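Engineer: Just one file: my_file_21.csv, with CSV, C-alpha atoms.
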```csv
chain,number,residue,atom,x,y,z
A,16,MET,CA,3.1,-21.8,-54.5
A,17,ARG,CA,6.5,-21.8,-56.3
A,18,LEU,CA,8.0,-19.8,-59.1
A,19,LEU,CA,10.4,-21.8,-61.2
A,20,PRO,CA,12.8,-20.9,-64.1
A,21,ALA,CA,11.6,-21.2,-67.7
A,22,PRO,CA,13.5,-21.0,-71.0
A,23,ALA,CA,13.4,-17.7,-73.0
A,24,GLY,CA,10.2,-17.5,-75.0
A,25,SER,CA,8.2,-19.6,-72.6
A,26,GLY,CA,6.1,-16.8,-71.2
A,27,ILE,CA,4.3,-17.0,-67.9
A,28,VAL,CA,2.7,-20.4,-67.4
A,29,PHE,CA,0.6,-21.6,-64.4
A,30,ARG,CA,1.0,-25.3,-63.4
A,31,ARG,CA,-1.5,-27.1,-61.2
A,32,THR,CA,0.7,-29.6,-59.3
A,33,ASP,CA,-2.5,-31.1,-57.7
A,34,LEU,CA,-3.8,-32.0,-61.2
A,35,ASP,CA,-0.9,-33.9,-62.8
A,36,ASP,CA,1.0,-30.7,-63.6
A,37,PHE,CA,-1.7,-29.4,-65.9
A,38,GLU,CA,-0.6,-26.1,-67.4
A,39,ILE,CA,-2.5,-22.9,-68.2
A,40,PRO,CA,-0.5,-20.2,-70.1
A,41,ALA,CA,-1.2,-16.6,-68.9
A,42,THR,CA,-2.8,-15.4,-72.1
A,43,GLY,CA,-6.0,-13.6,-73.1
A,44,ARG,CA,-7.5,-16.7,-74.7
A,45,ASN,CA,-7.6,-18.4,-71.3
A,46,VAL,CA,-9.5,-15.7,-69.4
A,47,ALA,CA,-12.4,-17.4,-67.7
A,48,LYS,CA,-14.3,-14.8,-65.6
A,49,VAL,CA,-13.6,-11.4,-64.1
A,50,SER,CA,-15.5,-9.6,-61.3
A,51,TYR,CA,-13.5,-8.8,-58.2
A,52,ALA,CA,-10.5,-10.7,-59.5
A,53,THR,CA,-9.2,-12.2,-62.8
A,54,SER,CA,-9.4,-16.0,-63.3
A,55,LEU,CA,-8.0,-18.2,-66.1
A,56,MET,CA,-9.4,-21.5,-67.3
A,57,ARG,CA,-8.3,-24.2,-69.7
A,58,GLN,CA,-10.1,-27.4,-70.3
A,59,GLY,CA,-12.2,-26.9,-67.2
A,60,VAL,CA,-9.2,-26.3,-64.9
A,61,LEU,CA,-9.3,-22.9,-63.1
A,62,ILE,CA,-6.7,-20.5,-61.7
A,63,SER,CA,-8.1,-17.6,-59.7
A,64,THR,CA,-6.8,-14.2,-58.5
A,65,THR,CA,-3.9,-14.0,-61.0
A,66,GLU,CA,-3.5,-10.2,-61.3
A,67,HIS,CA,-1.2,-9.3,-58.4
A,68,LEU,CA,1.5,-11.9,-59.3
A,69,LEU,CA,1.2,-11.1,-63.0
A,70,SER,CA,1.6,-7.4,-62.2
A,71,ALA,CA,4.7,-8.0,-60.1
A,72,LEU,CA,6.3,-10.1,-62.8
A,73,ILE,CA,5.7,-7.5,-65.5
A,74,GLY,CA,6.8,-4.7,-63.1
A,75,MET,CA,10.0,-6.5,-62.4
A,76,GLY,CA,10.7,-7.3,-66.1
A,77,ILE,CA,10.2,-11.1,-65.6
A,78,ASP,CA,8.7,-12.6,-68.7
A,79,ASN,CA,9.5,-16.4,-68.5
A,80,VAL,CA,8.4,-18.3,-65.4
A,81,ILE,CA,6.5,-21.4,-64.4
A,82,VAL,CA,4.1,-20.7,-61.5
A,83,GLU,CA,3.4,-23.9,-59.6
A,84,LEU,CA,0.4,-24.1,-57.2
A,85,ASP,CA,-1.6,-26.9,-55.6
A,86,ASN,CA,-5.0,-25.3,-55.6
A,87,LEU,CA,-7.1,-23.0,-57.7
A,88,GLU,CA,-6.3,-19.6,-56.0
A,89,LEU,CA,-3.1,-17.7,-55.7
A,90,PRO,CA,-2.2,-16.5,-52.2
A,91,ILE,CA,-3.5,-13.0,-51.5
A,92,LEU,CA,-0.6,-12.3,-49.1
A,93,ASP,CA,-0.9,-8.7,-47.8
A,94,GLY,CA,-3.3,-7.6,-50.7
A,95,SER,CA,-0.5,-6.0,-52.7
A,96,ALA,CA,2.2,-7.2,-55.1
A,97,LEU,CA,5.0,-6.1,-52.7
A,98,PRO,CA,5.7,-9.6,-51.2
A,99,TYR,CA,6.2,-11.0,-54.7
A,100,VAL,CA,8.5,-8.1,-55.7
A,101,GLU,CA,10.6,-8.4,-52.5
A,102,THR,CA,11.0,-12.2,-52.9
A,103,CYS,CA,12.1,-11.8,-56.6
A,104,GLN,CA,14.6,-9.1,-55.5
A,105,SER,CA,15.9,-11.3,-52.7
A,106,VAL,CA,16.9,-14.1,-55.1
A,107,GLY,CA,17.9,-12.0,-58.1
A,108,ILE,CA,17.0,-12.0,-61.8
A,109,LYS,CA,19.3,-13.9,-64.2
A,110,THR,CA,19.9,-12.6,-67.7
A,111,GLN,CA,18.8,-14.6,-70.7
A,112,ARG,CA,20.7,-13.6,-73.9
A,113,ARG,CA,17.8,-13.3,-76.2
A,114,ARG,CA,16.1,-10.2,-77.5
A,115,ARG,CA,12.8,-9.3,-75.7
A,116,GLU,CA,9.7,-9.5,-77.9
A,117,TYR,CA,7.0,-7.1,-77.1
A,118,ILE,CA,3.7,-5.8,-78.5
A,119,ARG,CA,4.1,-2.4,-80.1
A,120,VAL,CA,0.7,-0.5,-80.4
A,121,LEU,CA,0.2,0.9,-83.9
A,122,LYS,CA,-3.3,2.5,-83.6
A,123,PRO,CA,-5.8,3.3,-80.9
A,124,VAL,CA,-7.8,0.5,-79.3
A,125,GLU,CA,-10.7,1.5,-77.0
A,126,VAL,CA,-13.4,0.0,-74.8
A,127,ARG,CA,-16.3,2.1,-73.5
A,128,GLU,CA,-19.2,1.2,-71.2
A,129,GLY,CA,-21.3,4.1,-70.1
A,130,ASN,CA,-19.0,6.5,-68.2
A,131,LYS,CA,-16.3,3.8,-68.0
A,132,PHE,CA,-13.4,3.9,-70.5
A,133,ILE,CA,-10.1,2.3,-71.3
A,134,GLY,CA,-7.9,2.9,-74.3
A,135,LEU,CA,-4.5,1.8,-75.6
A,136,TYR,CA,-2.5,4.2,-77.8
A,137,PRO,CA,0.8,4.2,-79.7
A,138,GLY,CA,3.8,5.6,-77.6
A,139,SER,CA,7.3,4.8,-76.5
A,140,GLY,CA,7.8,3.0,-73.2
A,141,TYR,CA,4.8,1.7,-71.2
A,142,ARG,CA,2.9,4.6,-69.7
A,143,ILE,CA,-0.4,4.3,-67.7
A,144,GLU,CA,-2.8,7.0,-66.8
A,145,TYR,CA,-5.7,6.0,-64.5
A,146,ALA,CA,-8.6,7.9,-62.9
A,147,ILE,CA,-11.1,6.5,-60.4
A,148,ASP,CA,-14.4,7.8,-58.9
A,149,PHE,CA,-15.6,5.8,-55.9
A,150,PRO,CA,-18.2,6.7,-53.2
A,151,ALA,CA,-16.9,8.4,-50.1
A,152,PRO,CA,-14.5,8.2,-48.4
A,153,ILE,CA,-12.4,7.6,-51.6
A,154,GLY,CA,-13.9,10.0,-54.1
A,155,VAL,CA,-11.9,11.0,-57.2
A,156,GLN,CA,-8.2,10.0,-57.6
A,157,SER,CA,-5.8,9.9,-60.6
A,158,THR,CA,-2.2,9.0,-61.2
A,159,SER,CA,0.2,8.1,-63.9
A,160,VAL,CA,3.2,5.8,-64.1
A,161,ASP,CA,5.9,4.9,-66.6
A,162,LEU,CA,7.2,1.4,-66.2
A,163,ALA,CA,10.4,2.4,-68.0
A,164,THR,CA,11.4,4.5,-64.9
A,165,GLU,CA,11.7,1.3,-62.8
A,166,THR,CA,9.7,2.7,-59.9
A,167,TYR,CA,7.1,-0.1,-59.9
A,168,GLY,CA,8.6,-1.8,-56.8
A,169,SER,CA,8.4,1.4,-54.7
A,170,GLU,CA,5.4,3.3,-56.2
A,171,ILE,CA,2.9,0.7,-57.3
A,172,ALA,CA,3.6,-2.7,-55.8
A,173,PRO,CA,2.9,-1.7,-52.2
A,174,ALA,CA,-0.6,-0.5,-53.0
A,175,ARG,CA,-3.2,-2.8,-51.4
A,176,THR,CA,-6.6,-4.0,-52.5
A,177,PHE,CA,-9.6,-2.3,-50.8
A,178,GLY,CA,-13.2,-2.8,-50.1
A,179,TYR,CA,-16.2,-1.2,-48.3
A,180,LYS,CA,-17.2,-2.7,-44.9
A,181,ALA,CA,-20.8,-2.1,-45.9
A,182,ASP,CA,-20.5,-4.5,-48.9
A,183,GLU,CA,-18.8,-7.3,-46.9
A,184,GLN,CA,-21.7,-9.5,-46.1
A,185,ARG,CA,-23.3,-9.2,-49.6
A,186,LEU,CA,-20.0,-10.3,-51.2
A,187,ARG,CA,-19.5,-13.2,-48.8
A,188,ASP,CA,-23.1,-14.3,-49.5
A,189,MET,CA,-22.0,-14.4,-53.2
A,190,GLY,CA,-19.1,-16.7,-52.4
A,191,LEU,CA,-16.5,-13.9,-52.8
A,192,ILE,CA,-13.8,-12.4,-50.6
A,193,ARG,CA,-13.9,-15.4,-48.3
A,194,GLY,CA,-10.2,-14.9,-47.3
A,195,ALA,CA,-10.3,-11.1,-47.1
A,196,GLY,CA,-9.7,-9.3,-43.9
A,197,PRO,CA,-7.7,-6.5,-42.3
A,198,ALA,CA,-4.4,-8.3,-42.9
A,199,ASN,CA,-4.8,-8.3,-46.7
A,200,ALA,CA,-7.1,-5.5,-47.7
A,201,ILE,CA,-7.9,-1.9,-46.8
A,202,ILE,CA,-11.3,-2.0,-45.0
A,203,LEU,CA,-13.3,1.2,-45.6
A,204,GLY,CA,-15.8,2.5,-43.1
A,205,PRO,CA,-17.8,5.7,-43.3
A,206,ARG,CA,-14.9,7.8,-42.0
A,207,GLY,CA,-12.1,6.1,-43.9
A,208,PRO,CA,-9.8,3.1,-43.5
A,209,GLU,CA,-10.6,1.0,-40.4
A,210,ASN,CA,-7.1,-0.5,-40.5
A,211,GLY,CA,-4.9,2.4,-41.5
A,212,PRO,CA,-2.7,4.1,-42.0
A,213,LEU,CA,-2.6,4.2,-45.8
A,214,ARG,CA,0.7,3.5,-47.5
A,215,PHE,CA,0.1,6.3,-50.0
A,216,SER,CA,-2.5,9.1,-49.9
A,217,ASP,CA,-3.7,7.9,-53.3
A,218,GLU,CA,-3.2,4.2,-52.5
A,219,TYR,CA,-6.6,3.3,-54.1
A,220,VAL,CA,-5.8,4.4,-57.6
A,221,ARG,CA,-2.3,3.0,-57.4
A,222,HIS,CA,-3.8,-0.4,-56.7
A,223,LYS,CA,-6.0,0.0,-59.7
A,224,VAL,CA,-2.8,0.6,-61.8
A,225,LEU,CA,-1.3,-2.5,-60.2
A,226,ASP,CA,-4.4,-4.6,-61.2
A,227,LEU,CA,-4.3,-3.1,-64.7
A,228,ILE,CA,-0.6,-4.1,-65.3
A,229,GLY,CA,-1.4,-7.6,-64.2
A,230,ASP,CA,-4.5,-7.9,-66.4
A,231,LEU,CA,-2.7,-6.5,-69.5
A,232,ALA,CA,0.1,-9.1,-68.9
A,233,LEU,CA,-2.5,-11.5,-70.5
A,234,ALA,CA,-1.6,-10.0,-73.9
A,235,GLY,CA,1.2,-12.5,-73.6
A,236,ARG,CA,4.0,-10.0,-74.0
A,237,ARG,CA,5.1,-6.6,-72.5
A,238,ILE,CA,3.3,-3.7,-74.2
A,239,GLU,CA,4.9,-0.7,-75.8
A,240,GLY,CA,2.3,2.1,-75.7
A,241,ARG,CA,0.2,4.4,-73.5
A,242,VAL,CA,-2.9,3.2,-71.6
A,243,VAL,CA,-5.6,5.6,-70.4
A,244,ALA,CA,-8.3,4.3,-68.0
A,245,GLU,CA,-11.3,6.0,-66.3
A,246,ARG,CA,-13.5,4.1,-63.8
A,247,ALA,CA,-12.4,0.8,-65.4
A,248,GLY,CA,-11.9,-2.6,-63.7
A,249,HIS,CA,-10.9,-6.2,-64.4
A,250,ALA,CA,-13.7,-6.8,-66.9
A,251,MET,CA,-12.7,-3.8,-69.0
A,252,HIS,CA,-9.0,-4.5,-68.6
A,253,THR,CA,-9.4,-8.0,-70.0
A,254,ALA,CA,-11.8,-6.8,-72.7
A,255,LEU,CA,-9.1,-4.4,-73.9
A,256,VAL,CA,-6.7,-7.3,-74.2
A,257,SER,CA,-9.2,-9.3,-76.2
A,258,ARG,CA,-10.0,-6.4,-78.5
A,259,LEU,CA,-6.3,-5.7,-79.0
A,260,LEU,CA,-5.3,-9.2,-79.9
A,261,LYS,CA,-8.3,-9.6,-82.3
A,262,ASP,CA,-7.3,-6.6,-84.3
A,263,ARG,CA,-4.0,-7.6,-85.9
A,264,SER,CA,-3.7,-4.3,-87.6
A,265,ALA,CA,-3.5,-2.5,-84.2
A,266,TRP,CA,-0.1,-3.9,-83.2
A,267,GLU,CA,3.1,-5.6,-84.3
A,268,LEU,CA,5.7,-7.8,-82.6
A,269,ALA,CA,8.9,-5.9,-82.1
A,270,HIS,CA,12.2,-6.7,-80.5
A,271,ILE,CA,14.6,-4.8,-78.2
A,272,ALA,CA,18.2,-5.9,-78.3
A,273,VAL,CA,18.7,-6.2,-74.5
A,274,GLU,CA,19.8,-9.0,-72.3
A,275,ASN,CA,16.8,-10.8,-70.9
A,276,ALA,CA,16.4,-11.6,-67.3
A,277,GLU,CA,15.9,-14.8,-65.4
A,278,ALA,CA,15.1,-14.7,-61.7
A,279,ALA,CA,16.3,-17.2,-59.1
A,280,GLY,CA,13.1,-18.8,-57.9
A,281,HIS,CA,10.9,-18.8,-54.9
A,282,GLU,CA,8.2,-20.5,-53.0
A,283,PHE,CA,5.0,-18.9,-51.6
A,284,PRO,CA,3.1,-21.0,-49.1
A,285,SER,CA,-0.4,-19.7,-48.4
A,286,ALA,CA,0.8,-17.0,-46.0
A,287,SER,CA,4.6,-17.0,-45.8
A,288,LEU,CA,7.5,-17.2,-48.2
A,289,HIS,CA,10.3,-19.7,-48.8
A,290,THR,CA,12.8,-20.5,-51.7
A,291,PRO,CA,13.9,-22.5,-54.9
A,292,LEU,CA,14.3,-20.7,-58.6
A,293,LEU,CA,12.7,-18.2,-61.5
A,294,GLN,CA,13.2,-16.6,-64.9
A,295,GLY,CA,12.5,-13.4,-66.9
A,296,VAL,CA,13.1,-12.1,-70.4
```
Is it possible to give me this structure as structure tokens?
Structural biologist:
Amino acid sequence: MRLLPAPAGSGIVFRRTDLDDFEIPATGRNVAKVSYATSLMRQGVLISTTEHLLSALIGMGIDNVIVELDNLELPILDGSALPYVETCQSVGIKTQRRRREYIRVLKPVEVREGNKFIGLYPGSGYRIEYAIDFPAPIGVQSTSVDLATETYGSEIAPARTFGYKADEQRLRDMGLIRGAGPANAIILGPRGPENGPLRFSDEYVRHKVLDLIGDLALAGRRIEGRVVAERAGHAMHTALVSRLLKDRSAWELAHIAVENAEAAGHEFPSASLHTPLLQGV
């Protein structure tokens, strides 16, 4: 996989080099399916497991980039967004002299499903409050983050995906988590992580925030507002994007007079990292 520069205003675009450079923009209209990961599809061409890279790009302030890959799934790497962040930092982010366009939330937008909930509200900056309630040994965790504080790389990106050992065979029988293992996920047994230590005491809820940032990137622009989520997941994250974009009275396009960024570019083979060139707003 490679990340390449793109002109200001291009957004994030996936390019399947194995299918004549077929392109799939990272927008809500191209969401295909969501279960244990978020997938995009356009004209029958699929891109799977997009959330970690999208999260890293938004967290790093990179808005314009072409993501080249030669198969349908993005590399899981270590199960977090940290390898993407470190690679972008290693090559730098170049400024584009154009005002950033973002989505300013004007009124509440909410999605509810039983005891699960996610809502988007007006507010300055981009603040996220997330609460989870999983079976033992996780239990209840909550956290909040403001992306304006520029702590994404240290506080959210390192948080890894996780799963219960007891669910492993069932998920594999469904054709899921085929590449998952101790090197790229926290494996939970009855007494806790089987491949610890944790990177944070609340790593589980931090990873849910990581996923949420990536899924909300499918709005097509960075959001200005406050997000509150309780027991949500990929399906509810992307449902919120759909509901937001359909209600044109709930948001407006706004601009910030800042110098936009363009990163240098990088290549991600299936397990390791290399280099070429990348772009942000």
Engineer: So what do you get for atom CA of Val243 of chain A versus atom CA of Glu218 of chain A, distance-wise?
Structural biologist: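 These two atoms are separated by 18.1 Å.
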Engineer: May I have the residues within 10 Å of Val60 of chain A as an mmCIF file with C-alpha atoms, keeping the file's coordinate frame, using all atoms listed in the file and disregarding those fewer than 6 positions away in the same chain?
Structural biologist:
```cif
data_model
loop_
_atom_site.group_PDB
_atom_site.id
_atom_site.type_symbol
_atom_site.label_atom_id
_atom_site.label_comp_id
_atom_site.auth_asym_id
_atom_site.auth_seq_id
_atom_site.Cartn_x
_atom_site.Cartn_y
_atom_site.Cartn_z
ATOM 1 C CA ARG A 31 -1.500 -27.100 -61.200
ATOM 2 C CA LEU A 34 -3.800 -32.000 -61.200
ATOM 3 C CA PHE A 37 -1.700 -29.400 -65.900
ATOM 4 C CA GLU A 38 -0.600 -26.100 -67.400
ATOM 5 C CA ILE A 39 -2.500 -22.900 -68.200
ATOM 6 C CA ALA A 47 -12.400 -17.400 -67.700
ATOM 7 C CA LEU A 87 -7.100 -23.000 -57.700
#
```
Engineer: Using all atoms listed in the file for the distances, tell me which of A:Leu233, A:Val82, A:Ile62, A:Ile73 is nearest to Phe29 of chain A.
Structural biologist: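 Under the stated criterion, the closest residue is A:Val82.
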Engineer: Have a look at atom CA of Gln104 of chain A and atom CA of Gly229 of chain A and let me know their distance in Å, one decimal.
Structural biologist: 18.3 Å
Engineer: Which segment 53-80 of chain A residues have any atom within 10 Å of an atom of segment 106-128 of chain A, and for each, what is the nearest pair of atoms with distance in Å to one decimal, counting only C-alpha atoms, rows sorted by chain and number, as a Markdown table?
Structural biologist:
```
| residue | atom | partner | partner_atom | distance |
| --- | --- | --- | --- | --- |
| A:Met75 | CA | A:Ile108 | CA | 8.9 |
| A:Gly76 | CA | A:Ile108 | CA | 9.0 |
| A:Ile77 | CA | A:Ile108 | CA | 7.8 |
| A:Asp78 | CA | A:Arg115 | CA | 8.8 |
| A:Asn79 | CA | A:Gln111 | CA | 9.7 |
```
Engineer: Grab the atom CA of Arg185 of chain A to atom CA of Ala200 of chain A distance for me, in Å with one decimal place.
Structural biologist: 16.7 Å
Engineer: Of the residues A:Asp33, A:Glu101, A:Glu83, A:Glu66, which is the one nearest to Met16 of chain A, using all atoms listed in the file?
Structural biologist: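 Nearest candidate to Met16 of chain A out of A:Asp33, A:Glu101, A:Glu83, A:Glu66: A:Glu83.
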Engineer: Starting from the point (-4.7, -6.7, -49.8), work out which residues of protein, DNA or RNA have an atom no more than 9 Å away when counting all atoms listed in the file; state them as a compact mmCIF listing (two decimals) with C-alpha atoms, in the coordinates of the input.
Structural biologist:
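File produced: result06.txt:
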```
# COMPACT_ATOMS: atom_id res chain seq x y z
CA ILE A 91 -3.50 -13.00 -51.50
CA LEU A 92 -0.60 -12.30 -49.10
CA ASP A 93 -0.90 -8.70 -47.80
CA GLY A 94 -3.30 -7.60 -50.70
CA SER A 95 -0.50 -6.00 -52.70
CA ALA A 96 2.20 -7.20 -55.10
CA ALA A 174 -0.60 -0.50 -53.00
CA ARG A 175 -3.20 -2.80 -51.40
CA THR A 176 -6.60 -4.00 -52.50
CA PHE A 177 -9.60 -2.30 -50.80
CA ALA A 195 -10.30 -11.10 -47.10
CA GLY A 196 -9.70 -9.30 -43.90
CA PRO A 197 -7.70 -6.50 -42.30
CA ALA A 198 -4.40 -8.30 -42.90
CA ASN A 199 -4.80 -8.30 -46.70
CA ALA A 200 -7.10 -5.50 -47.70
CA ILE A 201 -7.90 -1.90 -46.80
```
Engineer: Please tell me which residues are no farther than 8 Å from (-16.5, -0.2, -46.2) in the file, counting all atoms listed in the file, and write them as a PyMOL selection string.
Structural biologist: chain A and resi 178-183+202-205+208
Engineer: With all atoms listed in the file as the atoms that count, which of A:Val46, A:Val100, A:Ile81, A:Ile143 lies nearest to Thr64 of chain A?
Structural biologist: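 Using all atoms listed in the file, Thr64 of chain A sits closest to A:Val46.
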Engineer: So which residues touch Val155 of chain A within 10 Å, counting all atoms listed in the file, skipping near sequence neighbours fewer than 2 positions away, as number ranges by chain?
Structural biologist: A: 146-153, 157, 217, 219-220, 246
Engineer: For each of A:Leu259, A:Val80, A:Ala71, A:Leu55, take the minimum atom-to-atom distance to Leu19 of chain A, counting all atoms listed in the file, then give the residue where this is smallest.
Structural biologist: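 The answer is A:Val80, which sits nearest to Leu19 of chain A.
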Engineer: From the set A:His270, A:Arg57, A:Arg214, A:His249, which residue has the shortest atom-to-atom contact distance to Pro173 of chain A, counting only C-alpha atoms?
Structural biologist: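 Selected residue with least distance to Pro173 of chain A: A:Arg214.
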Engineer: Measuring atom to atom with only C-alpha atoms, identify which of A:Ala21, A:Ile228, A:Leu260, A:Val160 is nearest to Gly74 of chain A.
Structural biologist: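 Closest candidate: A:Ile228.
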